[in-house]
file run.pdb (PDB, C-alpha atoms)
ATOM      1  CA  MET A  93      93.988  79.908 125.660
ATOM      2  CA  SER A  94      94.697  78.658 122.179
ATOM      3  CA  SER A  95      96.358  75.556 120.809
ATOM      4  CA  THR A  96      99.415  75.390 118.608
ATOM      5  CA  PRO A  97      98.634  74.446 114.997
ATOM      6  CA  GLY A  98     100.048  71.319 113.389
ATOM      7  CA  LEU A  99     100.338  68.460 115.861
ATOM      8  CA  TYR A 100      97.492  69.576 118.090
ATOM      9  CA  ARG A 101      95.028  70.647 115.413
ATOM     10  CA  ALA A 102      93.757  67.089 115.146
ATOM     11  CA  LEU A 103      92.983  67.111 118.852
ATOM     12  CA  ASP A 104      90.627  70.109 118.762
ATOM     13  CA  ALA A 105      87.508  67.962 118.709
ATOM     14  CA  LYS A 106      88.679  65.965 121.712
ATOM     15  CA  ARG A 107      89.605  69.163 123.509
ATOM     16  CA  ALA A 108      86.061  70.405 123.122
ATOM     17  CA  ALA A 109      84.869  67.225 124.798
ATOM     18  CA  ALA A 110      87.531  67.361 127.550
ATOM     19  CA  PRO A 111      88.626  70.977 128.014
ATOM     20  CA  CYS A 112      91.556  72.093 130.158
ATOM     21  CA  LEU A 113      90.533  72.552 133.766
ATOM     22  CA  VAL A 114      92.317  75.867 134.324
ATOM     23  CA  LYS A 115      94.417  78.162 132.194
ATOM     24  CA  GLY A 116      97.970  76.859 131.824
ATOM     25  CA  VAL A 117      97.167  73.323 132.980
ATOM     26  CA  ILE A 118      97.100  70.494 130.510
ATOM     27  CA  SER A 119      94.037  68.436 129.697
ATOM     28  CA  PRO A 120      94.293  64.696 129.091
ATOM     29  CA  TYR A 121      94.385  65.310 125.355
ATOM     30  CA  ALA A 122      96.049  68.609 124.469
ATOM     31  CA  ALA A 123      98.876  71.004 125.113
ATOM     32  CA  ALA A 124      98.129  74.151 127.049
ATOM     33  CA  VAL A 125      99.736  77.145 125.383
ATOM     34  CA  THR A 126     100.072  80.446 127.206
ATOM     35  CA  ASN A 127     101.342  83.907 126.263
ATOM     36  CA  VAL A 128     100.711  83.272 122.588
ATOM     37  CA  GLU A 129     100.913  85.938 119.911
ATOM     38  CA  ALA A 130     100.540  84.099 116.655
ATOM     39  CA  ASP A 131     101.958  86.940 114.558
ATOM     40  CA  ALA A 132     105.271  87.197 116.457
ATOM     41  CA  GLU A 133     108.139  86.263 114.146
ATOM     42  CA  TYR A 134     110.694  85.800 116.928
ATOM     43  CA  TYR A 135     109.908  84.361 120.317
ATOM     44  CA  VAL A 136     111.205  82.151 123.135
ATOM     45  CA  TYR A 137     109.249  79.050 124.078
ATOM     46  CA  VAL A 138     109.280  76.869 127.163
ATOM     47  CA  TYR A 139     108.102  73.281 127.585
ATOM     48  CA  ARG A 140     106.899  72.412 131.082
ATOM     49  CA  ASP A 141     106.169  69.008 132.550
ATOM     50  CA  PRO A 142     102.376  68.628 132.623
ATOM     51  CA  ASP A 143     102.493  66.886 136.007
ATOM     52  CA  THR A 144     105.042  68.919 137.957
ATOM     53  CA  ARG A 145     105.127  72.148 135.890
ATOM     54  CA  GLU A 146     108.932  71.890 135.954
ATOM     55  CA  VAL A 147     110.686  73.614 133.036
ATOM     56  CA  ARG A 148     112.148  70.881 130.794
ATOM     57  CA  TYR A 149     113.195  72.680 127.609
ATOM     58  CA  ILE A 150     113.818  76.261 126.446
ATOM     59  CA  GLY A 151     114.254  77.341 122.854
ATOM     60  CA  LYS A 152     114.290  80.307 120.496
ATOM     61  CA  GLY A 153     111.608  80.149 117.851
ATOM     62  CA  VAL A 154     110.933  81.614 114.437
ATOM     63  CA  ARG A 155     107.436  81.268 113.042
ATOM     64  CA  ARG A 156     106.407  77.589 113.608
ATOM     65  CA  ARG A 157     109.572  76.460 115.404
ATOM     66  CA  VAL A 158     107.673  75.749 118.632
ATOM     67  CA  GLU A 159     105.967  72.791 116.908
ATOM     68  CA  LYS A 160     109.055  71.098 115.514
ATOM     69  CA  HIS A 161     110.190  69.331 118.693
ATOM     70  CA  LEU A 162     106.675  68.062 119.264
ATOM     71  CA  GLU A 163     106.667  66.465 115.828
ATOM     72  CA  GLY A 164     110.196  65.066 116.126
ATOM     73  CA  SER A 165     113.348  66.369 117.824
ATOM     74  CA  HIS A 166     117.080  66.025 117.184
ATOM     75  CA  ASN A 167     117.497  66.037 120.982
ATOM     76  CA  PRO A 168     117.156  62.344 121.972
ATOM     77  CA  GLU A 169     116.289  63.038 125.630
ATOM     78  CA  LEU A 170     113.630  65.564 124.678
ATOM     79  CA  ALA A 171     112.224  63.287 121.960
ATOM     80  CA  ALA A 172     111.985  60.341 124.367
ATOM     81  CA  TRP A 173     110.231  62.480 126.989
ATOM     82  CA  ILE A 174     107.678  63.790 124.483
ATOM     83  CA  GLU A 175     107.043  60.239 123.280
ATOM     84  CA  ARG A 176     106.402  59.076 126.857
ATOM     85  CA  LEU A 177     103.878  61.874 127.277
ATOM     86  CA  ARG A 178     102.256  61.045 123.947
ATOM     87  CA  LYS A 179     101.715  57.434 125.050
ATOM     88  CA  ARG A 180      99.818  58.816 128.040
ATOM     89  CA  ARG A 181      97.823  61.015 125.631
ATOM     90  CA  VAL A 182      99.188  64.213 127.167
ATOM     91  CA  ALA A 183     101.640  66.809 125.943
ATOM     92  CA  PRO A 184     103.945  69.459 127.413
ATOM     93  CA  ILE A 185     102.620  72.735 128.700
ATOM     94  CA  VAL A 186     103.947  75.247 126.170
ATOM     95  CA  GLU A 187     104.694  78.839 127.111
ATOM     96  CA  HIS A 188     105.431  81.297 124.350
ATOM     97  CA  PHE A 189     107.145  84.696 124.863
ATOM     98  CA  PRO A 190     107.138  87.057 121.825
ATOM     99  CA  CYS A 191     110.292  89.130 121.256
ATOM    100  CA  ARG A 192     110.907  92.278 119.239
ATOM    101  CA  ASP A 193     113.738  90.833 117.183
ATOM    102  CA  GLU A 194     116.192  87.938 116.954
ATOM    103  CA  ARG A 195     118.768  89.610 119.171
ATOM    104  CA  GLU A 196     116.265  90.003 121.980
ATOM    105  CA  ALA A 197     115.113  86.393 121.513
ATOM    106  CA  TYR A 198     118.676  85.089 121.886
ATOM    107  CA  ALA A 199     119.166  87.203 125.010
ATOM    108  CA  VAL A 200     115.955  85.962 126.638
ATOM    109  CA  GLU A 201     116.717  82.354 125.687
ATOM    110  CA  GLY A 202     120.224  82.606 127.134
ATOM    111  CA  ALA A 203     118.988  84.188 130.359
ATOM    112  CA  LEU A 204     116.325  81.533 130.905
ATOM    113  CA  ILE A 205     118.656  78.621 130.137
ATOM    114  CA  SER A 206     121.288  80.081 132.462
ATOM    115  CA  THR A 207     118.676  80.241 135.213
ATOM    116  CA  PHE A 208     117.384  76.675 134.852
ATOM    117  CA  TRP A 209     120.348  74.806 133.339
ATOM    118  CA  SER A 210     122.183  72.042 135.171
ATOM    119  CA  ASP A 211     124.814  69.601 133.989
ATOM    120  CA  PRO A 212     123.249  66.558 132.272
ATOM    121  CA  THR A 213     125.213  64.117 134.451
ATOM    122  CA  ALA A 214     123.713  65.589 137.634
ATOM    123  CA  ARG A 215     120.051  65.852 136.633
ATOM    124  CA  ASN A 216     118.749  62.548 138.022
ATOM    125  CA  GLY A 217     115.706  62.569 135.748
ATOM    126  CA  SER A 218     114.823  66.222 136.214
ATOM    127  CA  GLY A 219     116.042  69.574 134.900
ATOM    128  CA  LEU A 220     116.424  70.863 131.371
ATOM    129  CA  PHE A 221     116.926  68.685 128.340
ATOM    130  CA  ASN A 222     118.981  71.475 126.773
ATOM    131  CA  GLY A 223     122.453  70.091 126.110
ATOM    132  CA  VAL A 224     123.958  73.547 125.571
ATOM    133  CA  HIS A 225     123.340  76.975 127.010
ATOM    134  CA  GLY A 226     122.293  78.954 123.954
ATOM    135  CA  ARG A 227     124.209  81.929 122.649
ATOM    136  CA  GLY A 228     124.308  83.921 125.875
ATOM    137  CA  HIS A 229     126.289  83.306 129.062
ATOM    138  CA  PHE A 230     124.749  84.595 132.266
ATOM    139  CA  ALA A 231     126.718  84.251 135.486
ATOM    140  CA  PRO A 232     125.126  83.150 138.768
ATOM    141  CA  LEU A 233     124.199  86.177 140.878
ATOM    142  CA  GLY A 234     127.242  87.194 142.899
ATOM    143  CA  LEU A 235     129.747  86.065 140.249
ATOM    144  CA  PRO A 236     131.513  88.584 137.985
ATOM    145  CA  SER A 237     130.130  88.494 134.448
ATOM    146  CA  THR A 238     133.658  87.884 133.112
ATOM    147  CA  LEU A 239     133.478  84.406 134.673
ATOM    148  CA  ALA A 240     130.047  83.529 133.276
ATOM    149  CA  LYS A 241     131.361  80.657 131.137
ATOM    150  CA  SER A 242     132.778  78.898 134.213
ATOM    151  CA  ALA A 243     129.309  77.709 135.222
ATOM    152  CA  TYR A 244     129.045  75.637 132.030
ATOM    153  CA  LYS A 245     132.207  73.630 132.522
ATOM    154  CA  PRO A 246     131.876  70.080 133.906
ATOM    155  CA  PRO A 247     131.028  70.158 137.626
ATOM    156  CA  LEU A 248     133.898  69.551 140.009
ATOM    157  CA  THR A 249     134.126  66.263 141.863
ATOM    158  CA  ARG A 250     135.888  65.370 145.090
ATOM    159  CA  MET A 251     138.578  63.631 143.075
ATOM    160  CA  ASP A 252     139.142  66.789 141.005
ATOM    161  CA  ILE A 253     139.888  68.730 144.177
ATOM    162  CA  ALA A 254     142.085  65.949 145.567
ATOM    163  CA  GLU A 255     144.186  65.961 142.406
ATOM    164  CA  LEU A 256     144.701  69.726 142.731
ATOM    165  CA  GLY A 257     146.364  69.164 146.106
ATOM    166  CA  GLY A 258     143.379  68.908 148.418
ATOM    167  CA  ALA A 259     141.294  71.667 149.967
ATOM    168  CA  LEU A 260     139.453  72.901 152.979
ATOM    169  CA  VAL A 261     135.996  73.198 151.390
ATOM    170  CA  VAL A 262     133.753  75.572 153.325
ATOM    171  CA  LEU A 263     130.059  76.354 152.975
ATOM    172  CA  ILE A 264     129.355  80.055 152.482
ATOM    173  CA  SER A 265     125.870  80.980 153.654
ATOM    174  CA  THR A 266     124.002  84.220 153.025
ATOM    175  CA  ASN A 267     124.277  85.205 156.694
ATOM    176  CA  ASP A 268     126.456  88.078 157.899
ATOM    177  CA  PHE A 269     128.611  87.564 160.990
ATOM    178  CA  GLU A 270     128.466  90.149 163.748
ATOM    179  CA  SER A 271     130.708  88.758 166.511
ATOM    180  CA  GLU A 272     133.440  90.746 168.228
ATOM    181  CA  PHE A 273     136.180  89.397 165.966
ATOM    182  CA  ASP A 274     134.166  88.261 162.960
ATOM    183  CA  ARG A 275     132.230  90.817 160.905
ATOM    184  CA  ARG A 276     132.310  89.152 157.509
ATOM    185  CA  ARG A 277     129.546  89.555 154.937
ATOM    186  CA  GLY A 278     127.428  86.683 153.710
ATOM    187  CA  ALA A 279     127.180  85.464 150.120
ATOM    188  CA  MET A 280     124.062  87.530 149.427
ATOM    189  CA  PRO A 281     123.907  87.342 145.608
ATOM    190  CA  ARG A 282     122.547  90.820 145.027
ATOM    191  CA  LEU A 283     125.451  92.477 146.865
ATOM    192  CA  HIS A 284     128.224  91.494 144.408
ATOM    193  CA  LEU A 285     130.847  91.777 147.130
ATOM    194  CA  PRO A 286     134.312  93.007 146.120
ATOM    195  CA  ASP A 287     137.068  90.380 145.958
ATOM    196  CA  GLU A 288     138.598  91.623 149.227
ATOM    197  CA  GLU A 289     135.412  90.793 151.160
ATOM    198  CA  VAL A 290     134.995  87.463 149.377
ATOM    199  CA  TYR A 291     138.575  86.634 150.383
ATOM    200  CA  GLU A 292     137.958  87.500 154.042
ATOM    201  CA  ARG A 293     134.837  85.358 154.173
ATOM    202  CA  ILE A 294     136.671  82.344 152.740
ATOM    203  CA  ALA A 295     139.865  82.688 154.827
ATOM    204  CA  GLY A 296     138.064  82.344 158.152
ATOM    205  CA  TRP A 297     136.714  81.664 160.679
ATOM    206  CA  TRP A 298     136.507  77.878 160.653
ATOM    207  CA  GLN A 299     136.541  75.380 163.517
ATOM    208  CA  ILE A 300     139.747  73.653 162.419
ATOM    209  CA  ARG A 301     142.236  74.213 165.263
ATOM    210  CA  GLN A 302     142.760  70.492 165.887
ATOM    211  CA  HIS A 303     143.369  69.868 162.195
ATOM    212  CA  ILE A 304     145.902  72.684 161.974
ATOM    213  CA  LYS A 305     147.666  71.324 165.059
ATOM    214  CA  SER A 306     148.026  67.938 163.332
ATOM    215  CA  TRP A 307     149.230  69.408 160.043
ATOM    216  CA  THR A 308     151.837  71.669 161.623
ATOM    217  CA  SER A 309     153.181  68.795 163.731
ATOM    218  CA  GLY A 310     153.774  66.729 160.602
ATOM    219  CA  GLU A 311     150.728  64.465 160.871
ATOM    220  CA  GLY A 312     149.105  64.432 157.469
ATOM    221  CA  THR A 313     149.331  66.773 154.499
ATOM    222  CA  PRO A 314     147.703  70.214 154.795
ATOM    223  CA  PRO A 315     145.387  71.140 151.910
ATOM    224  CA  GLY A 316     146.615  73.511 149.234
ATOM    225  CA  PHE A 317     143.411  75.529 148.905
ATOM    226  CA  ILE A 318     140.441  76.918 150.752
ATOM    227  CA  ILE A 319     137.381  76.711 148.522
ATOM    228  CA  GLY A 320     134.141  78.446 149.403
ATOM    229  CA  VAL A 321     130.985  76.920 147.918
ATOM    230  CA  THR A 322     127.478  78.344 148.032
ATOM    231  CA  GLY A 323     124.029  77.805 146.584
ATOM    232  CA  PRO A 324     121.406  75.064 146.983
ATOM    233  CA  MET A 325     122.218  71.381 146.547
ATOM    234  CA  SER A 326     120.715  71.467 143.063
ATOM    235  CA  ARG A 327     123.137  74.167 141.892
ATOM    236  CA  ARG A 328     126.069  74.488 144.275
ATOM    237  CA  TRP A 329     129.020  76.435 142.904
ATOM    238  CA  VAL A 330     132.425  77.824 143.855
ATOM    239  CA  TRP A 331     131.973  81.317 145.274
ATOM    240  CA  GLY A 332     135.739  81.737 145.528
ATOM    241  CA  SER A 333     138.986  79.804 145.887
ATOM    242  CA  VAL A 334     142.253  80.841 147.533
ATOM    243  CA  ARG A 335     145.618  79.080 147.507
ATOM    244  CA  VAL A 336     147.274  78.305 150.853
ATOM    245  CA  PRO A 337     150.998  77.451 151.024
ATOM    246  CA  LYS A 338     152.026  74.891 153.650
ATOM    247  CA  SER A 339     153.776  77.528 155.733
ATOM    248  CA  ALA A 340     150.578  79.588 156.093
ATOM    249  CA  TRP A 341     148.820  77.022 158.276
ATOM    250  CA  ALA A 342     151.329  77.621 161.077
ATOM    251  CA  LYS A 343     150.510  81.355 160.913
ATOM    252  CA  ALA A 344     146.776  80.905 161.411
ATOM    253  CA  GLU A 345     144.995  83.278 163.776
ATOM    254  CA  HIS A 346     143.108  81.598 166.610
ATOM    255  CA  GLU A 347     139.985  82.495 168.557
ATOM    256  CA  SER A 348     137.824  80.761 171.132
ATOM    257  CA  GLY A 349     135.883  77.659 170.191
ATOM    258  CA  GLY A 350     138.638  76.313 167.961
ATOM    259  CA  LEU A 351     137.960  78.942 165.285
ATOM    260  CA  CYS A 352     140.819  79.863 162.969
ATOM    261  CA  ARG A 353     141.561  82.204 160.111
ATOM    262  CA  VAL A 354     144.244  81.129 157.644
ATOM    263  CA  PRO A 355     146.231  83.720 155.658
ATOM    264  CA  ALA A 356     146.485  82.668 152.027
ATOM    265  CA  SER A 357     149.373  83.375 149.658
ATOM    266  CA  THR A 358     147.620  86.055 147.612
ATOM    267  CA  LYS A 359     144.373  87.988 147.610
ATOM    268  CA  THR A 360     143.039  86.295 144.503
ATOM    269  CA  VAL A 361     139.717  84.498 144.902
ATOM    270  CA  ASN A 362     140.009  82.561 141.645
ATOM    271  CA  ALA A 363     142.906  80.225 142.438
ATOM    272  CA  ALA A 364     143.237  77.401 139.893
ATOM    273  CA  HIS A 365     140.433  79.111 137.939
ATOM    274  CA  LEU A 366     137.790  77.440 140.099
ATOM    275  CA  ARG A 367     135.549  80.426 140.771
ATOM    276  CA  GLY A 368     132.108  80.009 139.264
ATOM    277  CA  ARG A 369     132.476  76.257 138.636
ATOM    278  CA  LEU A 370     129.596  74.009 139.639
ATOM    279  CA  VAL A 371     130.370  71.211 142.076
ATOM    280  CA  ILE A 372     128.804  67.797 142.619
ATOM    281  CA  ALA A 373     127.031  68.704 145.851
ATOM    282  CA  ASP A 374     126.886  65.106 147.110
ATOM    283  CA  ASP A 375     130.697  64.928 146.977
ATOM    284  CA  PHE A 376     131.266  67.586 149.639
ATOM    285  CA  GLY A 377     130.386  68.120 153.272
ATOM    286  CA  PRO A 378     131.040  66.197 156.497
ATOM    287  CA  LEU A 379     130.344  62.483 156.192
ATOM    288  CA  ARG A 380     127.157  61.730 158.123
ATOM    289  CA  PRO A 381     126.141  58.402 159.746
ATOM    290  CA  SER A 382     123.771  57.888 156.812
ATOM    291  CA  GLY A 383     126.787  57.672 154.517
ATOM    292  CA  LEU A 384     125.896  60.955 152.787
ATOM    293  CA  ARG A 385     128.033  64.068 152.715
ATOM    294  CA  ARG A 386     126.122  67.135 153.876
ATOM    295  CA  PHE A 387     127.038  70.548 155.228
ATOM    296  CA  GLY A 388     125.103  71.799 158.254
ATOM    297  CA  SER A 389     124.333  74.968 160.193
ATOM    298  CA  VAL A 390     126.569  74.289 163.223
ATOM    299  CA  ARG A 391     130.243  75.276 163.048
ATOM    300  CA  ALA A 392     131.518  71.684 163.002
ATOM    301  CA  HIS A 393     129.421  70.957 159.903
ATOM    302  CA  GLN A 394     130.401  74.023 157.876
ATOM    303  CA  PHE A 395     133.652  72.635 156.448
ATOM    304  CA  ASP A 396     135.000  69.532 154.755
ATOM    305  CA  ILE A 397     138.638  68.512 154.333
ATOM    306  CA  VAL A 398     139.497  66.908 151.004
ATOM    307  CA  GLN A 399     142.853  65.145 151.219
ATOM    308  CA  ALA A 400     145.375  65.544 148.441
ATOM    309  CA  ALA A 401     145.470  62.585 146.087
ATOM    310  CA  SER A 402     149.205  62.210 146.769
ATOM    311  CA  ALA A 403     148.521  61.750 150.488
ATOM    312  CA  ARG A 404     146.237  58.742 150.014
TER     313      ARG A 404
END

call {"tool": "encode", "arguments": {"input": "run.pdb", "output": "structure tokens"}}
result
Amino acid sequence: MSSTPGLYRALDAKRAAAPCLVKGVISPYAAAVTNVEADAEYYVYVYRDPDTREVRYIGKGVRRRVEKHLEGSHNPELAAWIERLRKRRVAPIVEHFPCRDEREAYAVEGALISTFWSDPTARNGSGLFNGVHGRGHFAPLGLPSTLAKSAYKPPLTRMDIAELGGALVVLISTNDFESEFDRRRGAMPRLHLPDEEVYERIAGWWQIRQHIKSWTSGEGTPPGFIIGVTGPMSRRWVWGSVRVPKSAWAKAEHESGGLCRVPASTKTVNAAHLRGRLVIADDFGPLRPSGLRRFGSVRAHQFDIVQAASAR
């Protein structure tokens, strides 16, 4: 292990008196730097939280760039975090990945930011301090690369969906279905399912017979979309969206247990250009007694109905 020059050079004497306990873990006085090749002109660097090891910042470096944020950063959130660590006499864990050239450095930076990035408004004190995503756009696994930029738009809220005309929002798990009438594939990211299979998974089968009965009898306004969301709470996104005209709800197919499949107007799975957009996870899911909205594993907890704003 070696230290970065500049800011930490003055701490070398203290480091000798209080060395790092293990490689890659910070001592009370110095930054731990791993994967260092001092002669690399281009590289990607990562700052980790010394307590949790969570990745907090990713950047592309040239020569001594890795030191600049530690000495003073244009990023106010990052600067404030580093100052808080400095007051505790600790510093970020710094990881340093040499690259062959600038093009490779930009690609690695973009890939790493795409992996760890989340919208600043939804971070709740964690996540990256990066305000932008670098020069590369990398789509979530399972999303066509042509839609990569969608993941960097503001996350969708419940009100956003209501203003579009409401939606049946359904949770798409990674599980495949193997029942007599339902053989749809799960949202396994590595499979990159064709649009036709994504459509079939979103269109059914959902335990909504009683809701359809109400809508077709004139009680309430049926939603204009079915939106399939997937991913963990920390990064939930729209796997696909289909538009449903009012007349389609009356044509729904029915199976036992109140399960229904609703034919949409077209086979597109990017209705209203929602595919790939992040969503505010706490805004969607059945309302639980705790007051939180959460999807669940049982059929009755796998969908959420967002009313159209005009129906409120």

call {"tool": "axis_aligned_box", "arguments": {"input": "run.pdb", "around": "stretch 391-404 of chain A", "padding_each_side": "3 Å", "output": "lines of an AutoDock Vina configuration file"}}
result
center_x = 139.3
center_y = 67.0
center_z = 154.6
size_x = 25.8
size_y = 22.5
size_z = 23.0

call {"tool": "closest_residue", "arguments": {"input": "run.pdb", "among": "A:Ala199, A:Ala344, A:Ile174, A:Leu204", "to": "A:Ile300", "atoms": "only C-alpha atoms"}}
result
A:Ala344

call {"tool": "residues_around", "arguments": {"input": "run.pdb", "residues": "A:Val390", "least_positions_apart": "4", "cutoff": "12 Å", "atoms": "all atoms listed in the file", "output": "list in words"}}
result
Leu263, Ser265, Trp298, Gln299, Pro378, Arg386, Gln394 and Phe395 of chain A

call {"tool": "closest_residue", "arguments": {"input": "run.pdb", "among": "A:Pro315, A:Pro381, A:Pro142, A:Gly310", "to": "A:Ile397", "atoms": "all atoms listed in the file"}}
result
A:Pro315

call {"tool": "atom_distance", "arguments": {"input": "run.pdb", "atom1": "atom CA of A:Ala172", "atom2": "atom CA of A:Arg145"}}
result
17.9 Å

call {"tool": "residues_near_point", "arguments": {"input": "run.pdb", "point": "(137.5, 87.8, 153.9)", "cutoff": "10 Å", "atoms": "only C-alpha atoms", "output": "PyMOL selection string"}}
result
chain A and resi 274-277+286-297+353+355+359+361

call {"tool": "closest_residue", "arguments": {"input": "run.pdb", "among": "A:Trp341, A:Ala203, A:Arg148, A:Phe317", "to": "A:Leu256", "atoms": "all atoms listed in the file"}}
result
A:Phe317

call {"tool": "closest_atom_pairs", "arguments": {"input": "run.pdb", "of": "stretch 246-359 of chain A", "to": "stretch 400-403 of chain A", "cutoff": "7 Å", "atoms": "all atoms listed in the file", "output": "Markdown table"}}
result
| residue | atom | partner | partner_atom | distance |
| --- | --- | --- | --- | --- |
| A:Ala254 | CA | A:Ala400 | CA | 4.4 |
| A:Glu255 | CA | A:Ala401 | CA | 5.2 |
| A:Gly257 | CA | A:Ala400 | CA | 4.4 |
| A:Gly258 | CA | A:Ala400 | CA | 3.9 |
| A:Thr313 | CA | A:Ala403 | CA | 6.5 |
| A:Pro315 | CA | A:Ala400 | CA | 6.6 |

call {"tool": "write_last_selection", "arguments": {"input": "run.pdb", "atoms": "C-alpha atoms", "output": "PDB file, keeping the file's coordinate frame"}}
result
ATOM      1  CA  ALA A 254     142.085  65.949 145.567  1.00  0.00           C
ATOM      2  CA  GLU A 255     144.186  65.961 142.406  1.00  0.00           C
ATOM      3  CA  GLY A 257     146.364  69.164 146.106  1.00  0.00           C
ATOM      4  CA  GLY A 258     143.379  68.908 148.418  1.00  0.00           C
ATOM      5  CA  THR A 313     149.331  66.773 154.499  1.00  0.00           C
ATOM      6  CA  PRO A 315     145.387  71.140 151.910  1.00  0.00           C
TER       7      PRO A 315
END

call {"tool": "atom_distance", "arguments": {"input": "run.pdb", "atom1": "atom CA of A:Arg335", "atom2": "atom CA of A:Asp375"}}
result
20.6 Å

call {"tool": "atom_distance", "arguments": {"input": "run.pdb", "atom1": "atom CA of A:Val354", "atom2": "atom CA of A:Leu366"}}
result
19.1 Å

call {"tool": "resolve_selection", "arguments": {"input": "run.pdb", "expression": "the PyMOL selection byres ((chain A and resi 349) around 12)", "output": "PyMOL selection string"}}
result
chain A and resi 297-302+346-348+350-352+391-392

call {"tool": "resolve_selection", "arguments": {"input": "run.pdb", "expression": "the PyMOL selection byres ((chain A and resi 321) around 6)", "output": "list in words"}}
result
Leu263, Ile264, Gly320, Thr322, Trp329, Val330 and Trp331 of chain A

call {"tool": "closest_residue", "arguments": {"input": "run.pdb", "among": "A:His303, A:Val398, A:Gly383, A:Leu260", "to": "A:Ser333", "atoms": "all atoms listed in the file"}}
result
A:Leu260

call {"tool": "residues_near_point", "arguments": {"input": "run.pdb", "point": "(114.8, 83.5, 125.8)", "cutoff": "8 Å", "atoms": "only C-alpha atoms", "output": "PDB file with C-alpha atoms, in the coordinates of the input"}}
result
ATOM      1  CA  TYR A 135     109.908  84.361 120.317  1.00  0.00           C
ATOM      2  CA  VAL A 136     111.205  82.151 123.135  1.00  0.00           C
ATOM      3  CA  TYR A 137     109.249  79.050 124.078  1.00  0.00           C
ATOM      4  CA  ILE A 150     113.818  76.261 126.446  1.00  0.00           C
ATOM      5  CA  GLY A 151     114.254  77.341 122.854  1.00  0.00           C
ATOM      6  CA  LYS A 152     114.290  80.307 120.496  1.00  0.00           C
ATOM      7  CA  PHE A 189     107.145  84.696 124.863  1.00  0.00           C
ATOM      8  CA  GLU A 196     116.265  90.003 121.980  1.00  0.00           C
ATOM      9  CA  ALA A 197     115.113  86.393 121.513  1.00  0.00           C
ATOM     10  CA  TYR A 198     118.676  85.089 121.886  1.00  0.00           C
ATOM     11  CA  ALA A 199     119.166  87.203 125.010  1.00  0.00           C
ATOM     12  CA  VAL A 200     115.955  85.962 126.638  1.00  0.00           C
ATOM     13  CA  GLU A 201     116.717  82.354 125.687  1.00  0.00           C
ATOM     14  CA  GLY A 202     120.224  82.606 127.134  1.00  0.00           C
ATOM     15  CA  ALA A 203     118.988  84.188 130.359  1.00  0.00           C
ATOM     16  CA  LEU A 204     116.325  81.533 130.905  1.00  0.00           C
ATOM     17  CA  ILE A 205     118.656  78.621 130.137  1.00  0.00           C
TER      18      ILE A 205
END

call {"tool": "resolve_selection", "arguments": {"input": "run.pdb", "expression": "the PyMOL selection byres ((chain A and resi 250) around 10)", "output": "count of residues only"}}
result
17

call {"tool": "closest_residue", "arguments": {"input": "run.pdb", "among": "A:Val261, A:Val138, A:Ala243, A:Leu170", "to": "A:Pro190", "atoms": "all atoms listed in the file"}}
result
A:Val138

call {"tool": "residues_around", "arguments": {"input": "run.pdb", "residues": "A:Tyr134", "least_positions_apart": "5", "cutoff": "8 Å", "atoms": "only C-alpha atoms", "output": "PyMOL selection string"}}
result
chain A and resi 152-155+190-194+197

call {"tool": "closest_residue", "arguments": {"input": "run.pdb", "among": "A:Gly388, A:Ala340, A:Thr144, A:Tyr149", "to": "A:Glu187", "atoms": "all atoms listed in the file"}}
result
A:Tyr149
